[in-house]
$ cat final31.txt   # compact mmCIF, C-alpha atoms
# COMPACT_ATOMS: atom_id res chain seq x y z
CA MET A 66 0.00 0.00 0.00
CA ASN A 67 1.15 3.53 -0.73
CA PHE A 68 0.91 6.44 1.74
CA LEU A 69 -2.61 7.44 0.66
CA GLU A 70 -3.99 3.91 0.72
CA GLU A 71 -2.54 3.49 4.20
CA ARG A 72 -4.19 6.71 5.35
CA ILE A 73 -7.56 5.70 3.85
CA GLN A 74 -7.24 2.29 5.54
CA LYS A 75 -6.48 4.01 8.85
CA ASP A 76 -8.89 6.98 8.84
CA GLY A 77 -11.43 6.34 6.09
CA ILE A 78 -14.94 5.30 7.13
CA VAL A 79 -17.13 3.09 4.96
CA ARG A 80 -20.86 3.81 4.98
CA GLU A 81 -23.85 2.21 3.32
CA GLY A 82 -24.49 3.27 -0.27
CA ASN A 83 -20.85 3.09 -1.35
CA VAL A 84 -19.95 6.18 0.65
CA LEU A 85 -16.32 6.49 1.70
CA LYS A 86 -15.88 9.23 4.27
CA VAL A 87 -12.39 10.73 4.16
CA ASP A 88 -13.40 14.07 5.59
CA SER A 89 -10.99 13.89 8.52
CA PHE A 90 -8.00 14.38 6.20
CA LEU A 91 -9.06 14.99 2.60
CA ASN A 92 -12.21 16.99 1.94
CA HIS A 93 -13.41 18.78 5.06
CA GLN A 94 -10.45 18.78 7.41
CA MET A 95 -7.38 18.79 5.19
CA ASP A 96 -3.99 17.29 6.05
CA ILE A 97 -1.59 19.61 4.25
CA GLY A 98 1.41 17.30 4.74
CA LEU A 99 -0.52 14.51 3.03
CA PHE A 100 -1.45 16.84 0.16
CA ASP A 101 2.23 17.67 -0.20
CA GLN A 102 3.06 13.96 -0.58
CA MET A 103 0.31 13.66 -3.17
CA GLY A 104 1.69 16.63 -5.13
CA ALA A 105 5.19 15.14 -5.07
CA GLU A 106 3.84 11.81 -6.36
CA TRP A 107 1.94 13.43 -9.24
CA LYS A 108 5.07 15.41 -10.13
CA VAL A 109 6.89 12.08 -10.53
CA ARG A 110 4.08 10.51 -12.54
CA PHE A 111 3.70 13.52 -14.86
CA ALA A 112 7.41 14.40 -14.99
CA ASP A 113 7.60 14.37 -18.78
CA ARG A 114 4.50 16.48 -19.34
CA PRO A 115 4.84 20.22 -20.22
CA ILE A 116 2.23 21.32 -17.66
CA ASN A 117 1.74 25.07 -17.28
CA LYS A 118 -1.58 25.17 -15.42
CA ILE A 119 -3.64 23.10 -13.00
CA LEU A 120 -7.43 23.03 -13.31
CA THR A 121 -9.70 21.84 -10.52
CA ILE A 122 -13.29 22.31 -9.37
CA GLU A 123 -14.67 23.82 -6.22
CA ALA A 124 -14.69 23.10 -3.41
CA SER A 125 -12.77 20.05 -2.26
CA GLY A 126 -10.38 19.93 -5.22
CA ILE A 127 -8.95 23.36 -4.50
CA GLY A 128 -6.74 22.60 -1.51
CA ILE A 129 -5.19 19.53 -3.12
CA ALA A 130 -4.64 21.40 -6.39
CA CYS A 131 -2.97 24.38 -4.69
CA ILE A 132 -0.54 22.27 -2.69
CA ALA A 133 0.19 20.12 -5.76
CA ALA A 134 0.81 23.27 -7.82
CA ARG A 135 3.87 24.07 -5.71
CA HIS A 136 5.52 20.95 -7.15
CA PHE A 137 4.82 22.08 -10.72
CA GLY A 138 5.42 25.82 -10.24
CA VAL A 139 2.20 26.70 -12.03
CA PRO A 140 -1.01 28.62 -11.22
CA VAL A 141 -4.30 26.91 -10.37
CA VAL A 142 -7.67 27.74 -11.91
CA PHE A 143 -10.79 26.40 -10.26
CA ALA A 144 -14.09 25.87 -12.05
CA LYS A 145 -16.91 27.62 -10.21
CA LYS A 146 -20.23 25.98 -9.58
CA SER A 147 -22.57 28.88 -10.19
CA LYS A 148 -22.47 32.14 -12.04
CA SER A 149 -21.06 34.90 -9.88
CA ILE A 150 -21.75 38.56 -10.63
CA ASN A 151 -17.99 39.08 -10.38
CA ILE A 152 -17.29 36.87 -13.40
CA ALA A 153 -17.20 38.57 -16.77
CA GLY A 154 -19.61 37.34 -19.44
CA ASP A 155 -17.12 35.31 -21.39
CA VAL A 156 -16.91 31.92 -19.73
CA TYR A 157 -16.58 28.29 -20.71
CA VAL A 158 -19.50 26.26 -19.35
CA ALA A 159 -20.09 22.59 -18.61
CA GLU A 160 -22.93 20.74 -16.90
CA VAL A 161 -21.83 18.57 -13.98
CA GLU A 162 -23.99 16.16 -12.03
CA SER A 163 -23.00 15.77 -8.37
CA PHE A 164 -23.19 12.32 -6.82
CA THR A 165 -22.76 13.81 -3.36
CA HIS A 166 -25.33 16.56 -3.62
CA LYS A 167 -27.77 14.81 -6.01
CA ASN A 168 -28.08 17.80 -8.29
CA VAL A 169 -26.77 19.28 -11.55
CA ASN A 170 -24.52 22.32 -11.52
CA GLN A 171 -23.28 24.54 -14.27
CA VAL A 172 -19.55 24.94 -13.82
CA ILE A 173 -17.77 27.83 -15.43
CA VAL A 174 -14.23 29.03 -16.10
CA SER A 175 -13.47 32.51 -17.34
CA LYS A 176 -12.06 32.60 -20.87
CA ASP A 177 -9.36 34.92 -19.50
CA PHE A 178 -7.67 32.06 -17.66
CA LEU A 179 -7.66 29.15 -20.10
CA GLY A 180 -6.68 29.17 -23.77
CA PRO A 181 -5.00 27.27 -26.63
CA GLU A 182 -1.56 27.84 -25.08
CA ASP A 183 -2.45 25.93 -21.93
CA HIS A 184 -1.17 22.44 -21.10
CA VAL A 185 -3.40 21.44 -18.25
CA LEU A 186 -3.16 18.99 -15.39
CA ILE A 187 -6.65 18.36 -13.99
CA ILE A 188 -6.73 17.59 -10.25
CA ASP A 189 -9.66 16.48 -8.11
CA ASP A 190 -10.23 14.66 -4.85
CA PHE A 191 -12.66 11.96 -6.03
CA LEU A 192 -13.47 10.11 -9.23
CA ALA A 193 -16.64 8.02 -9.28
CA ASN A 194 -18.90 8.23 -12.36
CA GLY A 195 -16.58 10.84 -13.84
CA CYS A 196 -19.13 13.60 -14.45
CA ALA A 197 -17.04 16.35 -12.85
CA LEU A 198 -13.98 15.21 -14.75
CA GLN A 199 -15.82 15.10 -18.07
CA GLY A 200 -16.97 18.67 -17.42
CA LEU A 201 -13.42 19.83 -16.75
CA ILE A 202 -12.10 18.04 -19.86
CA SER A 203 -14.86 19.69 -21.89
CA ILE A 204 -13.82 23.10 -20.57
CA VAL A 205 -10.18 22.56 -21.56
CA GLN A 206 -11.33 21.44 -25.00
CA GLN A 207 -13.59 24.50 -25.37
CA ALA A 208 -10.51 26.59 -24.59
CA GLY A 209 -8.48 24.80 -27.25
CA GLY A 210 -6.02 23.71 -24.57
CA THR A 211 -4.38 20.34 -24.02
CA VAL A 212 -5.20 17.95 -21.18
CA GLU A 213 -1.74 16.64 -20.25
CA GLY A 214 -3.03 14.43 -17.51
CA ILE A 215 -5.47 13.90 -14.67
CA GLY A 216 -4.52 13.44 -11.03
CA ILE A 217 -7.13 12.01 -8.67
CA ALA A 218 -6.75 11.27 -4.99
CA VAL A 219 -9.36 8.53 -4.59
CA GLU A 220 -10.96 6.66 -7.48
CA LYS A 221 -13.97 4.44 -6.87
CA GLY A 222 -12.88 1.60 -9.13
CA PHE A 223 -16.26 -0.11 -8.94
CA GLN A 224 -17.85 2.85 -10.77
CA ASN A 225 -17.10 3.40 -14.43
CA GLY A 226 -15.66 6.94 -14.47
CA GLY A 227 -12.02 5.86 -14.47
CA LYS A 228 -12.54 3.24 -17.18
CA ILE A 229 -14.23 5.78 -19.48
CA ILE A 230 -11.46 8.34 -18.99
CA ARG A 231 -8.70 5.76 -19.62
CA ASN A 232 -10.56 4.46 -22.69
CA LEU A 233 -10.52 8.02 -24.03
CA GLY A 234 -6.72 7.85 -23.86
CA TYR A 235 -6.02 10.23 -21.01
CA GLN A 236 -3.18 9.61 -18.56
CA LEU A 237 -5.21 9.22 -15.38
CA GLU A 238 -3.21 8.84 -12.18
CA SER A 239 -5.40 7.93 -9.21
CA LEU A 240 -3.29 7.64 -6.07
CA ALA A 241 -5.74 5.16 -4.53
CA ILE A 242 -8.26 3.03 -6.42
CA VAL A 243 -10.93 1.49 -4.20
CA ASP A 244 -12.27 -1.68 -5.85
CA ALA A 245 -14.58 -2.72 -3.03
CA MET A 246 -15.86 -1.53 0.34
CA ASP A 247 -17.77 -3.45 2.97
CA PRO A 248 -19.88 -1.24 5.25
CA THR A 249 -20.45 -4.05 7.75
CA THR A 250 -16.77 -4.82 8.35
CA GLY A 251 -15.33 -1.49 7.19
CA ALA A 252 -12.92 -3.39 4.92
CA ILE A 253 -11.53 -1.51 1.91
CA THR A 254 -10.01 -3.34 -1.06
CA PHE A 255 -7.52 -1.36 -3.13
CA ARG A 256 -6.57 -2.17 -6.71
CA ALA A 257 -2.92 -3.20 -7.05
CA GLN A 258 -1.07 -0.52 -9.05
CA MET B 127 2.96 49.44 -0.74
CA ASN B 128 3.43 45.81 0.25
CA PHE B 129 3.58 42.91 -2.21
CA LEU B 130 -0.18 42.32 -2.22
CA GLU B 131 -1.09 45.99 -2.62
CA GLU B 132 1.36 46.19 -5.53
CA ARG B 133 -0.25 43.15 -7.15
CA ILE B 134 -3.77 44.56 -6.68
CA GLN B 135 -2.60 47.88 -8.15
CA LYS B 136 -1.12 46.04 -11.14
CA ASP B 137 -3.74 43.36 -11.87
CA GLY B 138 -6.89 44.32 -9.95
CA ILE B 139 -9.79 45.72 -11.95
CA VAL B 140 -12.26 48.19 -10.46
CA ARG B 141 -15.87 47.88 -11.56
CA GLU B 142 -19.04 49.86 -10.82
CA GLY B 143 -20.80 48.92 -7.59
CA ASN B 144 -17.62 48.73 -5.50
CA VAL B 145 -16.54 45.52 -7.20
CA LEU B 146 -12.81 44.78 -7.16
CA LYS B 147 -11.95 41.97 -9.54
CA VAL B 148 -8.84 40.10 -8.46
CA ASP B 149 -9.76 36.87 -10.17
CA SER B 150 -6.59 36.71 -12.28
CA PHE B 151 -4.47 35.94 -9.20
CA LEU B 152 -6.60 35.52 -6.06
CA ASN B 153 -10.00 33.89 -6.39
CA HIS B 154 -10.45 32.19 -9.75
CA GLN B 155 -6.95 31.81 -11.14
CA MET B 156 -4.67 31.51 -8.13
CA ASP B 157 -1.03 32.61 -7.95
CA ILE B 158 0.47 30.06 -5.56
CA GLY B 159 3.72 32.00 -5.12
CA LEU B 160 1.71 35.02 -4.01
CA PHE B 161 -0.28 32.86 -1.56
CA ASP B 162 3.03 31.63 -0.17
CA GLN B 163 4.13 35.23 0.50
CA MET B 164 0.78 35.89 2.19
CA GLY B 165 1.20 32.81 4.40
CA ALA B 166 4.71 33.90 5.39
CA GLU B 167 3.44 37.38 6.28
CA TRP B 168 0.60 36.03 8.47
CA LYS B 169 3.09 33.72 10.18
CA VAL B 170 5.08 36.83 11.16
CA ARG B 171 2.01 38.76 12.30
CA PHE B 172 0.64 35.84 14.35
CA ALA B 173 4.04 34.55 15.52
CA ASP B 174 3.13 34.62 19.22
CA ARG B 175 -0.23 32.87 18.83
CA PRO B 176 -0.58 29.14 19.71
CA ILE B 177 -2.44 28.31 16.49
CA ASN B 178 -3.21 24.62 15.91
CA LYS B 179 -5.85 24.86 13.17
CA ILE B 180 -6.87 27.11 10.30
CA LEU B 181 -10.55 27.61 9.49
CA THR B 182 -11.77 29.00 6.19
CA ILE B 183 -14.90 28.92 4.04
CA GLU B 184 -15.46 27.52 0.59
CA ALA B 185 -14.61 28.19 -2.08
CA SER B 186 -12.10 30.98 -2.58
CA GLY B 187 -10.68 30.89 0.95
CA ILE B 188 -9.49 27.31 0.62
CA GLY B 189 -6.44 27.77 -1.59
CA ILE B 190 -5.09 30.66 0.45
CA ALA B 191 -5.71 28.80 3.71
CA CYS B 192 -3.97 25.62 2.52
CA ILE B 193 -0.85 27.41 1.33
CA ALA B 194 -0.80 29.53 4.52
CA ALA B 195 -1.16 26.36 6.61
CA ARG B 196 2.27 25.18 5.48
CA HIS B 197 3.77 28.13 7.38
CA PHE B 198 1.95 27.14 10.57
CA GLY B 199 2.25 23.36 10.22
CA VAL B 200 -1.45 22.87 10.99
CA PRO B 201 -4.47 21.30 9.25
CA VAL B 202 -7.18 23.34 7.54
CA VAL B 203 -10.92 22.93 8.02
CA PHE B 204 -13.25 24.57 5.55
CA ALA B 205 -16.84 25.50 6.32
CA LYS B 206 -19.20 24.06 3.72
CA LYS B 207 -21.99 26.06 2.19
CA SER B 208 -24.70 23.42 2.06
CA LYS B 209 -25.47 20.21 3.82
CA SER B 210 -23.79 17.27 2.13
CA ILE B 211 -25.10 13.76 2.55
CA ASN B 212 -21.53 12.77 3.38
CA ILE B 213 -21.46 14.93 6.52
CA ALA B 214 -22.60 13.32 9.74
CA GLY B 215 -25.51 14.89 11.59
CA ASP B 216 -23.47 16.64 14.24
CA VAL B 217 -22.42 19.95 12.76
CA TYR B 218 -21.98 23.54 13.86
CA VAL B 219 -24.13 25.85 11.73
CA ALA B 220 -24.07 29.55 10.92
CA GLU B 221 -26.06 31.67 8.49
CA VAL B 222 -23.93 33.67 6.06
CA GLU B 223 -25.14 36.29 3.60
CA SER B 224 -23.10 36.49 0.39
CA PHE B 225 -22.44 39.94 -1.07
CA THR B 226 -21.21 38.35 -4.30
CA HIS B 227 -24.03 35.90 -4.85
CA LYS B 228 -26.85 37.91 -3.23
CA ASN B 229 -28.14 35.03 -1.17
CA VAL B 230 -28.00 33.47 2.28
CA ASN B 231 -26.20 30.19 2.87
CA GLN B 232 -26.07 27.89 5.82
CA VAL B 233 -22.44 27.09 6.45
CA ILE B 234 -21.52 24.02 8.44
CA VAL B 235 -18.50 22.47 10.10
CA SER B 236 -18.51 18.93 11.45
CA LYS B 237 -18.22 18.73 15.24
CA ASP B 238 -15.51 16.12 14.66
CA PHE B 239 -13.05 18.74 13.45
CA LEU B 240 -13.43 21.68 15.83
CA GLY B 241 -13.56 21.62 19.62
CA PRO B 242 -12.57 23.35 22.88
CA GLU B 243 -8.93 22.37 22.38
CA ASP B 244 -8.63 24.33 19.14
CA HIS B 245 -6.79 27.63 18.77
CA VAL B 246 -7.97 28.83 15.43
CA LEU B 247 -6.64 31.18 12.78
CA ILE B 248 -9.48 32.17 10.45
CA ILE B 249 -8.39 32.88 6.85
CA ASP B 250 -10.43 34.28 3.98
CA ASP B 251 -9.84 36.10 0.73
CA PHE B 252 -12.19 39.07 1.19
CA LEU B 253 -13.66 41.05 4.06
CA ALA B 254 -16.47 43.49 3.22
CA ASN B 255 -19.51 43.59 5.50
CA GLY B 256 -18.05 40.75 7.55
CA CYS B 257 -20.94 38.31 7.33
CA ALA B 258 -18.81 35.31 6.38
CA LEU B 259 -16.32 36.14 9.10
CA GLN B 260 -19.02 36.51 11.74
CA GLY B 261 -20.32 33.08 10.73
CA LEU B 262 -16.88 31.52 11.10
CA ILE B 263 -16.33 33.20 14.48
CA SER B 264 -19.73 31.91 15.60
CA ILE B 265 -18.74 28.38 14.59
CA VAL B 266 -15.49 28.53 16.60
CA GLN B 267 -17.48 29.83 19.57
CA GLN B 268 -20.06 27.05 19.23
CA ALA B 269 -17.15 24.60 19.35
CA GLY B 270 -15.79 26.21 22.51
CA GLY B 271 -12.55 26.97 20.68
CA THR B 272 -10.44 30.13 20.68
CA VAL B 273 -10.13 32.54 17.77
CA GLU B 274 -6.45 33.45 17.89
CA GLY B 275 -6.63 35.74 14.92
CA ILE B 276 -8.05 36.49 11.52
CA GLY B 277 -6.05 36.77 8.31
CA ILE B 278 -7.69 38.45 5.32
CA ALA B 279 -6.18 39.08 1.91
CA VAL B 280 -8.25 42.08 0.83
CA GLU B 281 -10.39 44.18 3.16
CA LYS B 282 -12.82 46.70 1.74
CA GLY B 283 -12.12 49.44 4.26
CA PHE B 284 -15.09 51.50 3.12
CA GLN B 285 -17.46 48.79 4.38
CA ASN B 286 -17.87 48.21 8.08
CA GLY B 287 -16.90 44.55 8.48
CA GLY B 288 -13.31 45.21 9.56
CA LYS B 289 -14.32 47.91 12.03
CA ILE B 290 -16.86 45.62 13.71
CA ILE B 291 -14.38 42.74 14.00
CA ARG B 292 -11.66 45.02 15.45
CA ASN B 293 -14.16 46.56 17.87
CA LEU B 294 -14.91 43.05 19.10
CA GLY B 295 -11.23 42.79 20.05
CA TYR B 296 -10.01 40.30 17.47
CA GLN B 297 -6.52 40.56 15.96
CA LEU B 298 -7.49 41.13 12.35
CA GLU B 299 -4.63 41.23 9.86
CA SER B 300 -5.75 42.31 6.41
CA LEU B 301 -2.80 42.32 4.03
CA ALA B 302 -4.41 45.03 1.88
CA ILE B 303 -7.11 47.46 2.99
CA VAL B 304 -8.83 49.25 0.12
CA ASP B 305 -10.23 52.56 1.35
CA ALA B 306 -11.50 53.82 -1.98
CA MET B 307 -11.87 52.72 -5.60
CA ASP B 308 -12.71 54.81 -8.65
CA PRO B 309 -14.31 52.79 -11.47
CA THR B 310 -13.81 55.62 -13.99
CA THR B 311 -10.03 55.96 -13.48
CA GLY B 312 -9.37 52.49 -12.00
CA ALA B 313 -7.53 54.17 -9.11
CA ILE B 314 -7.30 52.20 -5.85
CA THR B 315 -6.51 53.90 -2.55
CA PHE B 316 -4.94 51.69 0.12
CA ARG B 317 -5.00 52.45 3.84
CA ALA B 318 -1.51 53.06 5.24
CA GLN B 319 -0.65 50.22 7.66
$ encode --input "final31.txt" --output "structure tokens"
Amino acid sequence: MNFLEERIQKDGIVREGNVLKVDSFLNHQMDIGLFDQMGAEWKVRFADRPINKILTIEASGIGIACIAARHFGVPVVFAKKSKSINIAGDVYVAEVESFTHKNVNQVIVSKDFLGPEDHVLIIDDFLANGCALQGLISIVQQAGGTVEGIGIAVEKGFQNGGKIIRNLGYQLESLAIVDAMDPTTGAITFRAQ
Amino acid sequence: MNFLEERIQKDGIVREGNVLKVDSFLNHQMDIGLFDQMGAEWKVRFADRPINKILTIEASGIGIACIAARHFGVPVVFAKKSKSINIAGDVYVAEVESFTHKNVNQVIVSKDFLGPEDHVLIIDDFLANGCALQGLISIVQQAGGTVEGIGIAVEKGFQNGGKIIRNLGYQLESLAIVDAMDPTTGAITFRAQ
């Protein structure tokens, strides 16, 4: 097991309905030292990629993306979940369905901050059905930019998001892939990588 | 002018209705090197405070808080704007009115991640009327914790949020205080600190 799998094993909580709670260290309380290890690992895995920008989505992707960005020396752009009056009219838009919140959000990125010159690493905390990720990929494509790779903290391997993204040919690096969870025993099975 | 005031002068855009757009470096695209300077400055200003946790609010506070947290060696907790099914029932709640989005949100923090033992630095990107900050202070108080200080990137000095918070006796360190903005000339007047 790698450092993230060990942490999930230790502090993750399995609930009914395929819910994996990692909010003590990943997406509510955030362990910055852990994020730093994750950023270092993605830097190794994407070492040969000419990444000049990281794209993530609010809210729980932002902290991971910002700490990871230190390892790449690049700025972070986060996709916003609703139209703010402070955003200029010219935005890229994608529809994203949220598994957690059971709703559909429009996510937007200002055209000022993503363009054809951008080589983008997409970062997010979770990958399940892949809707958020597909929205972010769509936004990079609308911008004419290049998706150099995708870094995910925890992939739910028993949902099909990761398979779809890999079938599309993207370099997807999930630091932990959960293939099965048992809410009665709390056991978590990770995919060997 | 300090480094943040210089950056606001250079890249901030003044719009009608007392809107200061800093989304090219602070709250949509994020300049991680700048956040690192901000974290270092807060570490100096709060050097004598026994801070063991940083509290912020989604979404645009998270990146700044996470990078700042590296200077304090502490975890970050972010207040969430709506109830997620992944959050256990026991949460602290505050009502927060958003100037930007013209609505009222319930913000919540799980009781698992904030308690009487916590000495909290609150971090956010903007301070205007202070509603978000009052909500975060309320949450720390509900937890029985101690607010050791408040670090803000940009305070709108012509609104009363900062005055109220200082009158309440909190150590509030805003790295840039904007006392006036002129949308016709783009001129920004900073308060001498």
$ interface_residues --input "final31.txt" --of "chain A" --to "chain B" --cutoff "8 Å" --atoms "only C-alpha atoms" --output "ChimeraX atom specification"
/A:84,86,89,93-98,123-124,127-128,131-132,134-135,139-145,149-151,165-166,177-178
$ write_last_selection --input "final31.txt" --atoms "C-alpha atoms" --output "mmCIF file, in the frame of the given file"
data_model
loop_
_atom_site.group_PDB
_atom_site.id
_atom_site.type_symbol
_atom_site.label_atom_id
_atom_site.label_comp_id
_atom_site.auth_asym_id
_atom_site.auth_seq_id
_atom_site.Cartn_x
_atom_site.Cartn_y
_atom_site.Cartn_z
ATOM 1 C CA VAL A 84 -19.950 6.180 0.650
ATOM 2 C CA LYS A 86 -15.880 9.230 4.270
ATOM 3 C CA SER A 89 -10.990 13.890 8.520
ATOM 4 C CA HIS A 93 -13.410 18.780 5.060
ATOM 5 C CA GLN A 94 -10.450 18.780 7.410
ATOM 6 C CA MET A 95 -7.380 18.790 5.190
ATOM 7 C CA ASP A 96 -3.990 17.290 6.050
ATOM 8 C CA ILE A 97 -1.590 19.610 4.250
ATOM 9 C CA GLY A 98 1.410 17.300 4.740
ATOM 10 C CA GLU A 123 -14.670 23.820 -6.220
ATOM 11 C CA ALA A 124 -14.690 23.100 -3.410
ATOM 12 C CA ILE A 127 -8.950 23.360 -4.500
ATOM 13 C CA GLY A 128 -6.740 22.600 -1.510
ATOM 14 C CA CYS A 131 -2.970 24.380 -4.690
ATOM 15 C CA ILE A 132 -0.540 22.270 -2.690
ATOM 16 C CA ALA A 134 0.810 23.270 -7.820
ATOM 17 C CA ARG A 135 3.870 24.070 -5.710
ATOM 18 C CA VAL A 139 2.200 26.700 -12.030
ATOM 19 C CA PRO A 140 -1.010 28.620 -11.220
ATOM 20 C CA VAL A 141 -4.300 26.910 -10.370
ATOM 21 C CA VAL A 142 -7.670 27.740 -11.910
ATOM 22 C CA PHE A 143 -10.790 26.400 -10.260
ATOM 23 C CA ALA A 144 -14.090 25.870 -12.050
ATOM 24 C CA LYS A 145 -16.910 27.620 -10.210
ATOM 25 C CA SER A 149 -21.060 34.900 -9.880
ATOM 26 C CA ILE A 150 -21.750 38.560 -10.630
ATOM 27 C CA ASN A 151 -17.990 39.080 -10.380
ATOM 28 C CA THR A 165 -22.760 13.810 -3.360
ATOM 29 C CA HIS A 166 -25.330 16.560 -3.620
ATOM 30 C CA ASP A 177 -9.360 34.920 -19.500
ATOM 31 C CA PHE A 178 -7.670 32.060 -17.660
#
$ atom_distance --input "final31.txt" --atom1 "CA of Asp305 (chain B)" --atom2 "CA of Asn293 (chain B)"
18.0 Å
$ atom_distance --input "final31.txt" --atom1 "CA of Gln206 (chain A)" --atom2 "CA of Gly226 (chain A)"
18.4 Å
$ atom_distance --input "final31.txt" --atom1 "CA of Ile188 (chain A)" --atom2 "CA of Val156 (chain A)"
20.0 Å
$ residues_around --input "final31.txt" --residues "Ser203 (chain A)" --least-positions-apart "5" --cutoff "12 Å" --atoms "all atoms listed in the file" --output "PyMOL selection string"
chain A and resi 120+144+157-161+172-174+187+196-198+208-212
$ closest_residue --input "final31.txt" --among "B:Ala166, B:Phe172, B:Ala254, B:Ile290" --to "Phe129 (chain B)" --atoms "all atoms listed in the file"
B:Ala166
$ residues_around --input "final31.txt" --residues "Arg175 (chain B)" --least-positions-apart "5" --cutoff "10 Å" --atoms "all atoms listed in the file" --output "JSON, numbers by chain"
{"B": [169, 245, 246, 247, 273, 274, 275]}
$ write_last_selection --input "final31.txt" --atoms "C-alpha atoms" --output "JSON list (two decimals), in the frame of the given file"
[["chain", "number", "residue", "atom", "x", "y", "z"],
["B", 169, "LYS", "CA", 3.09, 33.72, 10.18],
["B", 245, "HIS", "CA", -6.79, 27.63, 18.77],
["B", 246, "VAL", "CA", -7.97, 28.83, 15.43],
["B", 247, "LEU", "CA", -6.64, 31.18, 12.78],
["B", 273, "VAL", "CA", -10.13, 32.54, 17.77],
["B", 274, "GLU", "CA", -6.45, 33.45, 17.89],
["B", 275, "GLY", "CA", -6.63, 35.74, 14.92]]
$ closest_residue --input "final31.txt" --among "A:Asn168, A:Ser239, A:Thr254, A:Gln207" --to "Val219 (chain A)" --atoms "all atoms listed in the file"
A:Ser239
$ residues_around --input "final31.txt" --residues "Asn255 (chain B)" --least-positions-apart "4" --cutoff "10 Å" --atoms "all atoms listed in the file" --output "PyMOL selection string"
chain B and resi 223-225+259-260+281-291
$ write_last_selection --input "final31.txt" --atoms "C-alpha atoms" --output "compact mmCIF listing (two decimals), in the frame of the given file"
# COMPACT_ATOMS: atom_id res chain seq x y z
CA GLU B 223 -25.14 36.29 3.60
CA SER B 224 -23.10 36.49 0.39
CA PHE B 225 -22.44 39.94 -1.07
CA LEU B 259 -16.32 36.14 9.10
CA GLN B 260 -19.02 36.51 11.74
CA GLU B 281 -10.39 44.18 3.16
CA LYS B 282 -12.82 46.70 1.74
CA GLY B 283 -12.12 49.44 4.26
CA PHE B 284 -15.09 51.50 3.12
CA GLN B 285 -17.46 48.79 4.38
CA ASN B 286 -17.87 48.21 8.08
CA GLY B 287 -16.90 44.55 8.48
CA GLY B 288 -13.31 45.21 9.56
CA LYS B 289 -14.32 47.91 12.03
CA ILE B 290 -16.86 45.62 13.71
CA ILE B 291 -14.38 42.74 14.00
$ residues_near_point --input "final31.txt" --point "(-5.2, 49.1, 2.0)" --cutoff "6 Å" --atoms "all atoms listed in the file" --output "number ranges by chain"
B: 302-304, 316-317
$ axis_aligned_box --input "final31.txt" --around "region 263-281 of chain B" --padding-each-side "3 Å" --output "lines of an AutoDock Vina configuration file"
center_x = -13.1
center_y = 34.4
center_z = 11.7
size_x = 20.0
size_y = 25.6
size_z = 27.7
